[in-house]
file my_file-v4.txt (compact mmCIF, C-alpha atoms and all ligand atoms)
# COMPACT_ATOMS: atom_id res chain seq x y z
CA MET A 1 126.36 112.61 124.77
CA SER A 2 125.41 114.93 121.97
CA ARG A 3 123.13 113.47 119.37
CA GLY A 4 124.13 113.53 115.71
CA SER A 5 122.00 115.56 113.36
CA VAL A 6 119.49 113.73 111.24
CA ASN A 7 121.64 114.38 108.18
CA GLN A 8 124.67 112.83 109.85
CA VAL A 9 122.68 109.74 110.71
CA VAL A 10 121.05 109.47 107.30
CA ALA A 11 124.35 109.98 105.49
CA SER A 12 125.98 107.15 107.44
CA ASP A 13 127.63 104.73 105.05
CA ALA A 14 127.15 101.81 107.42
CA VAL A 15 124.95 100.02 104.93
CA VAL A 16 124.78 96.30 105.54
CA GLY A 17 123.22 93.59 103.43
CA GLU A 18 122.59 95.63 100.32
CA GLY A 19 121.19 93.40 97.62
CA ALA A 20 121.47 93.95 93.93
CA VAL A 21 118.79 96.20 92.47
CA GLY A 22 115.94 93.98 91.33
CA THR A 23 116.51 91.40 94.05
CA PRO A 24 113.79 91.59 96.69
CA PHE A 25 114.94 92.39 100.21
CA VAL A 26 113.37 89.83 102.54
CA LEU A 27 112.51 91.09 105.99
CA ALA A 28 111.28 88.63 108.60
CA HIS A 29 109.00 89.75 111.45
CA LEU A 30 108.18 87.84 114.58
CA SER A 31 106.93 89.05 117.91
CA ASP A 32 105.93 88.32 121.48
CA PRO A 33 107.89 85.09 122.03
CA HIS A 34 107.25 85.38 125.81
CA LEU A 35 110.12 82.98 126.30
CA GLY A 36 109.62 80.07 128.63
CA PRO A 37 110.11 78.20 130.77
CA LEU A 38 110.05 80.95 133.36
CA PRO A 39 113.13 80.85 135.62
CA ARG A 40 112.26 80.32 139.28
CA PRO A 41 112.00 83.78 140.83
CA GLY A 42 113.39 84.69 144.25
CA LEU A 43 111.02 85.96 146.93
CA ARG A 44 112.44 89.48 146.72
CA GLU A 45 111.94 89.47 142.96
CA LEU A 46 108.25 88.75 143.45
CA ALA A 47 107.68 91.70 145.78
CA SER A 48 106.25 93.78 142.94
CA LYS A 49 103.87 93.58 140.00
CA ARG A 50 105.86 90.45 139.11
CA LEU A 51 103.84 88.46 141.67
CA ILE A 52 100.66 88.93 139.64
CA GLY A 53 102.51 88.11 136.44
CA TYR A 54 103.99 85.00 138.02
CA ILE A 55 100.59 83.75 139.17
CA ASN A 56 99.25 84.51 135.70
CA TRP A 57 102.03 82.47 134.11
CA ARG A 58 101.53 79.52 136.46
CA HIS A 59 97.77 79.53 135.91
CA GLY A 60 97.60 79.66 132.16
CA ARG A 61 100.20 81.49 130.15
CA HIS A 62 102.68 78.63 130.39
CA ARG A 63 100.14 76.53 128.48
CA VAL A 64 99.91 79.18 125.72
CA HIS A 65 103.56 80.03 125.14
CA LEU A 66 105.34 76.80 124.33
CA PRO A 67 109.09 76.38 123.77
CA ASP A 68 108.41 73.69 121.15
CA ALA A 69 106.16 76.03 119.17
CA LEU A 70 108.77 78.78 119.25
CA ASP A 71 111.49 76.33 118.20
CA ALA A 72 109.44 75.26 115.18
CA ILE A 73 108.80 78.88 114.18
CA THR A 74 112.42 79.98 114.56
CA ARG A 75 113.65 76.91 112.66
CA ASP A 76 111.32 77.70 109.78
CA LEU A 77 112.33 81.37 109.84
CA ARG A 78 116.02 80.52 109.67
CA ALA A 79 115.37 78.16 106.76
CA ALA A 80 113.73 81.04 104.86
CA ARG A 81 117.11 82.84 105.00
CA PRO A 82 115.75 86.38 105.29
CA ASP A 83 118.06 89.34 104.78
CA HIS A 84 117.09 90.75 108.15
CA VAL A 85 114.96 89.75 111.16
CA THR A 86 112.82 92.04 113.33
CA VAL A 87 111.42 91.19 116.76
CA THR A 88 108.71 93.56 117.96
CA GLY A 89 108.81 93.06 121.70
CA ASP A 90 107.60 91.02 124.66
CA LEU A 91 110.54 88.66 124.61
CA VAL A 92 110.16 88.02 128.34
CA ASN A 93 107.26 87.66 130.76
CA ILE A 94 107.81 89.27 134.17
CA ALA A 95 111.22 90.86 133.53
CA LEU A 96 113.32 88.66 135.82
CA PRO A 97 117.04 89.26 135.26
CA ALA A 98 117.46 85.60 134.23
CA GLU A 99 114.78 86.02 131.56
CA PHE A 100 116.80 88.74 129.81
CA ALA A 101 119.86 86.47 129.67
CA GLN A 102 117.71 83.63 128.33
CA ALA A 103 116.29 86.00 125.69
CA ARG A 104 119.79 87.04 124.65
CA ARG A 105 120.63 83.41 123.91
CA TRP A 106 117.46 83.10 121.86
CA LEU A 107 118.34 86.27 119.92
CA GLU A 108 121.76 84.83 119.15
CA SER A 109 120.03 81.76 117.71
CA LEU A 110 118.27 84.10 115.24
CA GLY A 111 121.43 85.84 114.10
CA PRO A 112 124.13 88.34 115.02
CA PRO A 113 123.06 91.82 116.20
CA ALA A 114 123.71 93.38 112.78
CA ASP A 115 121.07 91.09 111.25
CA VAL A 116 118.43 91.20 113.99
CA SER A 117 116.60 94.33 115.17
CA VAL A 118 114.64 94.36 118.43
CA VAL A 119 112.20 96.81 119.97
CA PRO A 120 110.94 96.25 123.52
CA GLY A 121 107.36 95.55 124.61
CA ASN A 122 105.47 96.15 127.82
CA HIS A 123 106.55 92.81 129.29
CA ASP A 124 110.18 93.84 128.71
CA ALA A 125 109.45 96.80 131.00
CA TYR A 126 107.29 94.87 133.46
CA VAL A 127 108.90 96.61 136.43
CA ALA A 128 110.93 99.82 136.49
CA ALA A 129 114.22 97.97 137.05
CA ALA A 130 113.80 96.00 133.83
CA GLY A 131 115.57 98.64 131.72
CA LEU A 132 118.89 97.90 133.38
CA HIS A 133 118.79 94.19 132.49
CA ARG A 134 117.42 94.86 129.03
CA ASP A 135 120.29 97.20 128.25
CA ARG A 136 122.88 94.81 129.65
CA HIS A 137 121.79 91.86 127.55
CA TRP A 138 120.13 93.26 124.44
CA ALA A 139 121.86 96.58 123.65
CA PRO A 140 123.64 95.42 120.44
CA TYR A 141 120.28 94.30 119.05
CA MET A 142 118.79 97.76 119.62
CA GLU A 143 121.63 99.88 118.32
CA GLY A 144 121.54 102.24 115.35
CA ASP A 145 124.08 102.36 112.54
CA ASP A 146 125.64 105.42 114.14
CA GLY A 147 126.81 103.20 116.99
CA ARG A 148 124.56 104.95 119.41
CA SER A 149 122.76 102.48 121.56
CA GLY A 150 119.03 102.87 121.53
CA SER A 151 118.78 100.58 124.48
CA ALA A 152 118.40 103.06 127.31
CA GLN A 153 115.02 103.22 128.93
CA HIS A 154 113.33 105.83 126.83
CA SER A 155 112.24 108.72 128.93
CA VAL A 156 108.88 110.28 128.35
CA GLY A 157 109.59 113.92 127.67
CA GLY A 158 113.26 113.36 128.45
CA GLY A 159 115.08 115.27 125.68
CA GLU A 160 118.69 114.08 125.47
CA LYS A 161 117.94 110.89 127.35
CA THR A 162 115.61 109.67 124.64
CA LEU A 163 117.77 107.15 122.78
CA PHE A 164 114.94 105.67 120.79
CA PRO A 165 114.26 105.70 117.92
CA TYR A 166 117.27 104.03 116.42
CA LEU A 167 117.93 103.82 112.70
CA ARG A 168 119.44 100.99 110.68
CA ARG A 169 119.85 101.12 106.91
CA ARG A 170 119.98 97.87 105.04
CA GLY A 171 120.19 98.47 101.31
CA ARG A 172 117.00 100.20 100.17
CA VAL A 173 115.33 99.58 103.53
CA ALA A 174 115.39 101.93 106.54
CA LEU A 175 114.47 100.31 109.84
CA ILE A 176 113.31 102.68 112.55
CA GLY A 177 112.98 101.09 116.00
CA LEU A 178 110.70 102.69 118.58
CA SER A 179 110.14 101.97 122.26
CA THR A 180 106.66 102.03 123.76
CA ALA A 181 107.88 100.06 126.77
CA ILE A 182 107.00 101.72 130.05
CA ALA A 183 106.39 100.17 133.45
CA THR A 184 102.67 100.25 134.21
CA PRO A 185 100.47 99.49 137.23
CA PRO A 186 99.12 95.94 137.68
CA PHE A 187 96.53 94.86 135.09
CA MET A 188 97.65 97.59 132.69
CA ALA A 189 99.58 96.89 129.49
CA THR A 190 99.65 100.35 127.98
CA GLY A 191 102.54 101.86 126.06
CA ARG A 192 103.80 105.37 125.46
CA LEU A 193 106.26 106.86 122.98
CA GLY A 194 106.61 110.40 124.33
CA ASP A 195 106.83 113.59 122.30
CA PRO A 196 110.65 113.64 121.86
CA GLN A 197 110.66 110.15 120.38
CA ILE A 198 107.79 110.95 118.00
CA ALA A 199 109.52 114.16 116.90
CA ARG A 200 112.79 112.36 116.24
CA MET A 201 110.95 109.62 114.32
CA ALA A 202 109.31 112.28 112.16
CA GLU A 203 112.70 113.87 111.43
CA LEU A 204 114.12 110.52 110.32
CA LEU A 205 111.11 109.60 108.21
CA GLY A 206 111.17 113.00 106.54
CA ALA A 207 114.84 112.65 105.65
CA LEU A 208 114.57 109.06 104.36
CA ARG A 209 111.83 109.41 101.79
CA THR A 210 113.79 107.64 99.05
CA LEU A 211 114.07 104.45 101.12
CA PHE A 212 111.49 101.81 102.04
CA ARG A 213 110.80 103.04 105.56
CA VAL A 214 109.80 100.38 108.09
CA VAL A 215 108.67 101.49 111.55
CA MET A 216 109.00 98.81 114.26
CA ILE A 217 106.76 99.31 117.29
CA HIS A 218 105.34 96.93 119.89
CA HIS A 219 101.88 98.44 120.47
CA PRO A 220 99.55 98.64 117.45
CA PRO A 221 99.08 102.31 116.55
CA ALA A 222 95.91 102.10 114.42
CA ALA A 223 92.57 103.21 115.86
CA PRO A 224 90.67 102.01 117.73
CA PRO A 225 92.85 99.97 120.10
CA SER A 226 91.66 96.45 120.80
CA ALA A 227 91.29 97.33 124.51
CA HIS A 228 91.66 100.50 126.55
CA HIS A 229 93.94 99.01 129.20
CA LYS A 230 96.51 97.88 126.66
CA ARG A 231 96.44 100.79 124.24
CA LEU A 232 99.24 102.98 123.00
CA ILE A 233 98.50 106.11 124.99
CA ASP A 234 99.87 108.59 122.45
CA ALA A 235 98.80 106.71 119.32
CA GLY A 236 97.06 109.87 118.08
CA ALA A 237 100.30 111.85 118.08
CA PHE A 238 102.05 108.95 116.34
CA ARG A 239 99.38 108.84 113.61
CA GLN A 240 99.61 112.60 113.18
CA ALA A 241 103.36 112.35 112.59
CA ILE A 242 102.93 109.52 110.08
CA ALA A 243 100.24 111.53 108.26
CA ALA A 244 102.80 114.30 107.77
CA THR A 245 105.84 112.23 106.81
CA GLY A 246 104.49 108.95 105.47
CA ALA A 247 106.17 105.56 105.85
CA GLU A 248 106.05 102.42 103.74
CA LEU A 249 105.29 99.87 106.48
CA ILE A 250 104.55 99.77 110.21
CA ILE A 251 104.98 96.43 111.97
CA HIS A 252 103.90 95.54 115.50
CA GLY A 253 103.03 92.82 118.00
CA HIS A 254 101.21 93.01 121.38
CA ASP A 255 97.72 91.80 120.36
CA HIS A 256 98.95 88.27 119.59
CA VAL A 257 96.89 88.04 116.40
CA HIS A 258 97.40 88.36 112.66
CA ALA A 259 96.30 91.90 111.88
CA LEU A 260 96.25 94.19 108.89
CA ALA A 261 95.23 97.83 109.11
CA SER A 262 96.29 101.10 107.56
CA ILE A 263 96.69 104.66 108.74
CA GLU A 264 96.86 107.94 106.90
CA GLY A 265 100.22 108.67 105.31
CA ASN A 266 101.58 111.49 103.23
CA GLY A 267 99.88 110.90 99.87
CA GLY A 268 98.52 107.42 100.61
CA ARG A 269 97.70 104.90 103.29
CA VAL A 270 100.44 103.23 105.32
CA PRO A 271 99.99 99.49 105.96
CA VAL A 272 100.11 98.44 109.62
CA VAL A 273 100.78 94.72 110.06
CA GLY A 274 100.72 92.65 113.25
CA VAL A 275 101.73 89.05 113.93
CA PRO A 276 100.67 86.60 116.68
CA SER A 277 102.92 85.47 119.49
CA ALA A 278 105.67 83.38 117.92
CA SER A 279 105.41 80.86 120.77
CA ALA A 280 101.63 80.33 120.82
CA GLY A 281 100.88 76.64 120.51
CA ALA A 282 98.54 75.34 117.83
CA GLY A 283 95.09 74.13 118.79
CA ILE A 284 94.47 76.69 121.50
CA LYS A 285 92.04 79.59 121.43
CA HIS A 286 94.65 82.19 120.48
CA HIS A 287 96.19 82.46 117.04
CA ALA A 288 98.90 79.84 116.73
CA GLY A 289 102.56 80.86 116.49
CA ALA A 290 103.43 82.54 113.20
CA TYR A 291 105.72 85.05 111.57
CA ASN A 292 105.70 87.20 108.44
CA LEU A 293 108.13 87.60 105.57
CA TYR A 294 108.01 90.91 103.69
CA ARG A 295 109.50 90.66 100.20
CA ILE A 296 110.37 94.25 99.32
CA GLY A 297 111.09 95.20 95.72
CA GLY A 298 111.02 98.20 93.40
CA GLY A 299 112.20 101.65 94.32
CA PRO A 300 111.03 105.12 95.35
CA ASP A 301 107.46 105.82 94.13
CA ASP A 302 107.25 102.27 92.80
CA TRP A 303 107.63 99.99 95.82
CA SER A 304 106.26 96.49 95.98
CA CYS A 305 105.87 94.38 99.08
CA GLU A 306 104.52 90.87 99.25
CA VAL A 307 103.59 89.58 102.69
CA VAL A 308 103.92 85.87 103.35
CA SER A 309 102.57 84.60 106.69
CA ARG A 310 103.88 81.26 107.88
CA GLY A 311 102.70 79.55 111.03
CA LEU A 312 101.93 76.44 112.99
CA ARG A 313 99.34 74.00 111.77
CA PRO A 314 97.49 71.77 114.29
CA SER A 315 99.89 69.00 113.26
CA GLY A 316 102.77 71.05 114.64
CA ALA A 317 104.23 71.63 111.17
CA VAL A 318 104.91 75.17 109.97
CA ALA A 319 103.32 76.08 106.64
CA GLU A 320 102.25 79.08 104.60
CA LEU A 321 99.02 80.58 105.97
CA ASN A 322 98.46 83.64 103.84
CA ARG A 323 100.05 85.66 101.04
CA TYR A 324 99.06 89.12 99.84
CA ALA A 325 100.51 92.27 98.31
CA LEU A 326 100.53 95.56 100.18
CA SER A 327 99.31 98.70 98.49
CA TRP A 328 99.52 102.33 99.48
CA GLY A 329 96.46 103.71 97.73
CA ALA A 330 93.45 105.27 99.39
CA GLY A 331 91.93 102.96 101.97
CA PRO A 332 93.01 99.52 100.74
CA PHE A 333 92.24 97.89 104.06
CA GLY A 334 88.96 99.46 105.01
CA GLY A 335 89.77 103.12 104.67
CA ASN A 336 89.30 104.31 108.23
CA GLY A 337 92.31 102.66 109.76
CA ALA A 338 90.26 99.97 111.44
CA THR A 339 92.14 96.77 112.11
CA ARG A 340 91.14 93.63 110.27
CA ASN A 341 92.11 90.64 112.28
CA PHE A 342 92.08 87.14 110.94
CA ASN A 343 89.90 84.95 113.16
CA ARG A 344 90.30 87.54 115.82
CA ASN A 345 90.20 86.48 119.42
CA ALA A 346 89.90 89.43 121.75
CA SER A 347 90.11 87.52 125.00
CA GLY A 348 92.89 87.91 127.55
CA THR A 349 94.04 90.97 129.38
CA ASP A 350 97.79 90.98 129.71
CA ARG A 351 99.44 91.04 126.31
FE FE A 401 102.61 93.42 124.80
FE FE A 402 102.80 90.02 124.29
call {"tool": "encode", "arguments": {"input": "my_file-v4.txt", "output": "structure tokens"}}
result
Amino acid sequence: MSRGSVNQVVASDAVVGEGAVGTPFVLAHLSDPHLGPLPRPGLRELASKRLIGYINWRHGRHRVHLPDALDAITRDLRAARPDHVTVTGDLVNIALPAEFAQARRWLESLGPPADVSVVPGNHDAYVAAAGLHRDRHWAPYMEGDDGRSGSAQHSVGGGEKTLFPYLRRRGRVALIGLSTAIATPPFMATGRLGDPQIARMAELLGALRTLFRVVMIHHPPAAPPSAHHKRLIDAGAFRQAIAATGAELIIHGHDHVHALASIEGNGGRVPVVGVPSASAGAGIKHHAGAYNLYRIGGGPDDWSCEVVSRGLRPSGAVAELNRYALSWGAGPFGGNGATRNFNRNASGTDR
């Protein structure tokens, strides 16, 4: 299929959810639900990297990612009535076909595909065959306004096959969904965008400068990565592209912690914000389940964005944890792009 030009995509009038000027656009962001309980895998399904992931789940992860915690978070998120919801990957654990169907039902509980945007994480590409099931169940949630599905397994260096990034315009907000999801060897949780995807992202960002441009990506792109084995391999090329085009906000998951960093943009720093796993129970060593609301106001050259983090308290109730305003000046978050995590916990290997 031939790809539309950037101008065709940008000029699309498929604008959904446009609010009146002056009314903040509220974007919700949650990530890494790692939905449980894990369906019972067949023996043939375990004859792969999945076996290690399954053992991992049975020996610990099932005590971290709790359905009750995720229910509380999604209930609170729905009550906040955001204009749009983003999910930045790792919906499943070991990429069993039944997990993708289960995740589809959970997505439907968040909202219809037009109101919920998904990008995949490394667990959603746990084995090479995962792409097939992901496309079958999640495609409408990863589709651009031009009707082109961005759900195909993105190919690294694959030209026409590269269906990510996808673009959705919602009022003054442009949502650009990237895929870093590649199958990796056991004990690796790396991600890769590939040059064609980065180039296409740069084209879109360059053409959308009058909108509040949000880049959705699973792996955190700021330097340095929290661990070598789970890094975004071509984060440098990504940062180079952002330095040339700018963006207003980059949101991610993967590290399972609250994080705030910034990278060089075009004329200012670009905030990079991460959230914990939405299903992490309270009272454990990881950050408890949480999500962010971004209240976006203003207009070109005068944007405002308030971040409200809400998450689980030890009591099991969901409450506001943090509230701050983003800024795009020189080095508001430490200047060198270093990530500032809140009560960071760097343990664990398989995010
Ligand atoms: Fe991840
Ligand atoms: Fe994860």
call {"tool": "residues_near_ligand", "arguments": {"input": "my_file-v4.txt", "ligand": "ligand FE 401 (chain A)", "cutoff": "10 Å", "atoms": "only C-alpha atoms and all ligand atoms", "output": "number ranges by chain"}}
result
A: 31-32, 34, 88-93, 120-126, 180-181, 189-191, 218-220, 230-231, 252-256, 277, 350-351
call {"tool": "closest_residue", "arguments": {"input": "my_file-v4.txt", "among": "A:Ala278, A:Ala290, A:Ala202, A:Leu175", "to": "ligand FE 402 (chain A)", "atoms": "only C-alpha atoms and all ligand atoms"}}
result
A:Ala278
call {"tool": "closest_residue", "arguments": {"input": "my_file-v4.txt", "among": "A:Arg81, A:Arg148, A:Arg104, A:His286", "to": "Arg134 of chain A", "atoms": "only C-alpha atoms"}}
result
A:Arg104
call {"tool": "residues_around", "arguments": {"input": "my_file-v4.txt", "residues": "Tyr324 of chain A", "least_positions_apart": "3", "cutoff": "12 Å", "atoms": "all atoms listed in the file", "output": "ChimeraX atom specification"}}
result
/A:260,273,292-295,304-309,320-321,327,333
call {"tool": "write_last_selection", "arguments": {"input": "my_file-v4.txt", "atoms": "C-alpha atoms", "output": "mmCIF file, in the frame of the given file"}}
result
data_model
loop_
_atom_site.group_PDB
_atom_site.id
_atom_site.type_symbol
_atom_site.label_atom_id
_atom_site.label_comp_id
_atom_site.auth_asym_id
_atom_site.auth_seq_id
_atom_site.Cartn_x
_atom_site.Cartn_y
_atom_site.Cartn_z
ATOM 1 C CA LEU A 260 96.250 94.190 108.890
ATOM 2 C CA VAL A 273 100.780 94.720 110.060
ATOM 3 C CA ASN A 292 105.700 87.200 108.440
ATOM 4 C CA LEU A 293 108.130 87.600 105.570
ATOM 5 C CA TYR A 294 108.010 90.910 103.690
ATOM 6 C CA ARG A 295 109.500 90.660 100.200
ATOM 7 C CA SER A 304 106.260 96.490 95.980
ATOM 8 C CA CYS A 305 105.870 94.380 99.080
ATOM 9 C CA GLU A 306 104.520 90.870 99.250
ATOM 10 C CA VAL A 307 103.590 89.580 102.690
ATOM 11 C CA VAL A 308 103.920 85.870 103.350
ATOM 12 C CA SER A 309 102.570 84.600 106.690
ATOM 13 C CA GLU A 320 102.250 79.080 104.600
ATOM 14 C CA LEU A 321 99.020 80.580 105.970
ATOM 15 C CA SER A 327 99.310 98.700 98.490
ATOM 16 C CA PHE A 333 92.240 97.890 104.060
#
call {"tool": "closest_residue", "arguments": {"input": "my_file-v4.txt", "among": "A:Trp303, A:Ala129, A:Ala280, A:Ala319", "to": "ligand FE 402 (chain A)", "atoms": "only C-alpha atoms and all ligand atoms"}}
result
A:Ala280
call {"tool": "atom_distance", "arguments": {"input": "my_file-v4.txt", "atom1": "atom CA of Arg313 of chain A", "atom2": "atom CA of Tyr54 of chain A"}}
result
28.8 Å
call {"tool": "closest_residue", "arguments": {"input": "my_file-v4.txt", "among": "A:Ile263, A:Ile55, A:Leu35, A:Ala98", "to": "ligand FE 402 (chain A)", "atoms": "all atoms listed in the file"}}
result
A:Leu35
call {"tool": "residues_near_point", "arguments": {"input": "my_file-v4.txt", "point": "(108.1, 111.3, 116.3)", "cutoff": "10 Å", "atoms": "all atoms listed in the file", "output": "list in words"}}
result
Phe164, Pro165, Leu178, Leu193, Gly194, Asp195, Pro196, Gln197, Ile198, Ala199, Arg200, Met201, Ala202, Glu203, Leu204, Leu205, Ala237, Phe238, Arg239, Gln240, Ala241, Ile242 and Thr245 of chain A
call {"tool": "closest_residue", "arguments": {"input": "my_file-v4.txt", "among": "A:Pro271, A:Gly265, A:Pro33, A:Gly299", "to": "ligand FE 402 (chain A)", "atoms": "all atoms listed in the file"}}
result
A:Pro33
call {"tool": "closest_residue", "arguments": {"input": "my_file-v4.txt", "among": "A:Leu77, A:Leu38, A:Val257, A:Leu51", "to": "ligand FE 402 (chain A)", "atoms": "all atoms listed in the file"}}
result
A:Val257
call {"tool": "residues_around", "arguments": {"input": "my_file-v4.txt", "residues": "Gly298 of chain A", "least_positions_apart": "4", "cutoff": "10 Å", "atoms": "all atoms listed in the file", "output": "list in words"}}
result
Val21, Gly22, Thr23, Pro24, Phe25, Arg172, Phe212, Asp302, Trp303, Ser304 and Cys305 of chain A
call {"tool": "atom_distance", "arguments": {"input": "my_file-v4.txt", "atom1": "atom CA of Met188 of chain A", "atom2": "atom CA of Gly60 of chain A"}}
result
17.9 Å
call {"tool": "residues_around", "arguments": {"input": "my_file-v4.txt", "residues": "Gly281 of chain A", "least_positions_apart": "3", "cutoff": "7 Å", "atoms": "all atoms listed in the file", "output": "tab-separated table (two decimals) with C-alpha atoms, keeping the file's coordinate frame"}}
result
chain	number	residue	atom	x	y	z
A	64	VAL	CA	99.91	79.18	125.72
A	65	HIS	CA	103.56	80.03	125.14
A	66	LEU	CA	105.34	76.80	124.33
A	69	ALA	CA	106.16	76.03	119.17
A	284	ILE	CA	94.47	76.69	121.50
A	288	ALA	CA	98.90	79.84	116.73
A	289	GLY	CA	102.56	80.86	116.49
call {"tool": "axis_aligned_box", "arguments": {"input": "my_file-v4.txt", "around": "segment 169-188 of chain A", "padding_each_side": "4 Å", "output": "lines of an AutoDock Vina configuration file"}}
result
center_x = 108.4
center_y = 98.8
center_z = 118.9
size_x = 31.7
size_y = 15.8
size_z = 45.5
call {"tool": "build_atoms", "arguments": {"input": "my_file-v4.txt", "residues": "segment 97-118 of chain A", "atoms": "N, CA and C atoms", "output": "CSV table (one decimal), in the frame of the given file"}}
result
chain,number,residue,atom,x,y,z
A,97,PRO,N,115.7,89.1,135.9
A,97,PRO,CA,117.0,89.3,135.3
A,97,PRO,C,117.4,88.0,134.4
A,98,ALA,N,117.1,86.8,135.0
A,98,ALA,CA,117.5,85.6,134.2
A,98,ALA,C,116.7,85.5,132.9
A,99,GLU,N,115.5,86.1,132.8
A,99,GLU,CA,114.8,86.0,131.6
A,99,GLU,C,115.5,86.8,130.5
A,100,PHE,N,116.1,87.9,130.8
A,100,PHE,CA,116.8,88.7,129.8
A,100,PHE,C,118.0,88.0,129.3
A,101,ALA,N,118.7,87.3,130.1
A,101,ALA,CA,119.9,86.5,129.7
A,101,ALA,C,119.4,85.3,128.8
A,102,GLN,N,118.3,84.7,129.1
A,102,GLN,CA,117.7,83.6,128.3
A,102,GLN,C,117.3,84.2,127.0
A,103,ALA,N,116.7,85.4,126.9
A,103,ALA,CA,116.3,86.0,125.7
A,103,ALA,C,117.5,86.4,124.8
A,104,ARG,N,118.6,86.7,125.4
A,104,ARG,CA,119.8,87.0,124.6
A,104,ARG,C,120.3,85.8,123.9
A,105,ARG,N,120.2,84.7,124.6
A,105,ARG,CA,120.6,83.4,123.9
A,105,ARG,C,119.7,83.1,122.7
A,106,TRP,N,118.4,83.3,122.9
A,106,TRP,CA,117.5,83.1,121.9
A,106,TRP,C,117.7,84.1,120.7
A,107,LEU,N,118.0,85.3,121.0
A,107,LEU,CA,118.3,86.3,119.9
A,107,LEU,C,119.6,85.8,119.1
A,108,GLU,N,120.5,85.3,119.8
A,108,GLU,CA,121.8,84.8,119.2
A,108,GLU,C,121.4,83.7,118.2
A,109,SER,N,120.4,82.9,118.6
A,109,SER,CA,120.0,81.8,117.7
A,109,SER,C,119.4,82.3,116.4
A,110,LEU,N,118.9,83.5,116.4
A,110,LEU,CA,118.3,84.1,115.2
A,110,LEU,C,119.3,84.7,114.3
A,111,GLY,N,120.4,85.2,114.9
A,111,GLY,CA,121.4,85.8,114.1
A,111,GLY,C,122.2,86.8,114.9
A,112,PRO,N,123.3,87.3,114.3
A,112,PRO,CA,124.1,88.3,115.0
A,112,PRO,C,123.4,89.7,115.1
A,113,PRO,N,123.8,90.6,116.0
A,113,PRO,CA,123.1,91.8,116.2
A,113,PRO,C,122.9,92.6,114.9
A,114,ALA,N,123.8,92.6,114.0
A,114,ALA,CA,123.7,93.4,112.8
A,114,ALA,C,122.6,92.9,111.9
A,115,ASP,N,122.1,91.7,112.1
A,115,ASP,CA,121.1,91.1,111.2
A,115,ASP,C,119.7,90.9,112.0
A,116,VAL,N,119.7,91.4,113.2
A,116,VAL,CA,118.4,91.2,114.0
A,116,VAL,C,118.1,92.5,114.7
A,117,SER,N,117.0,93.1,114.5
A,117,SER,CA,116.6,94.3,115.2
A,117,SER,C,115.5,94.1,116.1
A,118,VAL,N,115.6,94.6,117.4
A,118,VAL,CA,114.6,94.4,118.4
A,118,VAL,C,114.1,95.7,118.9
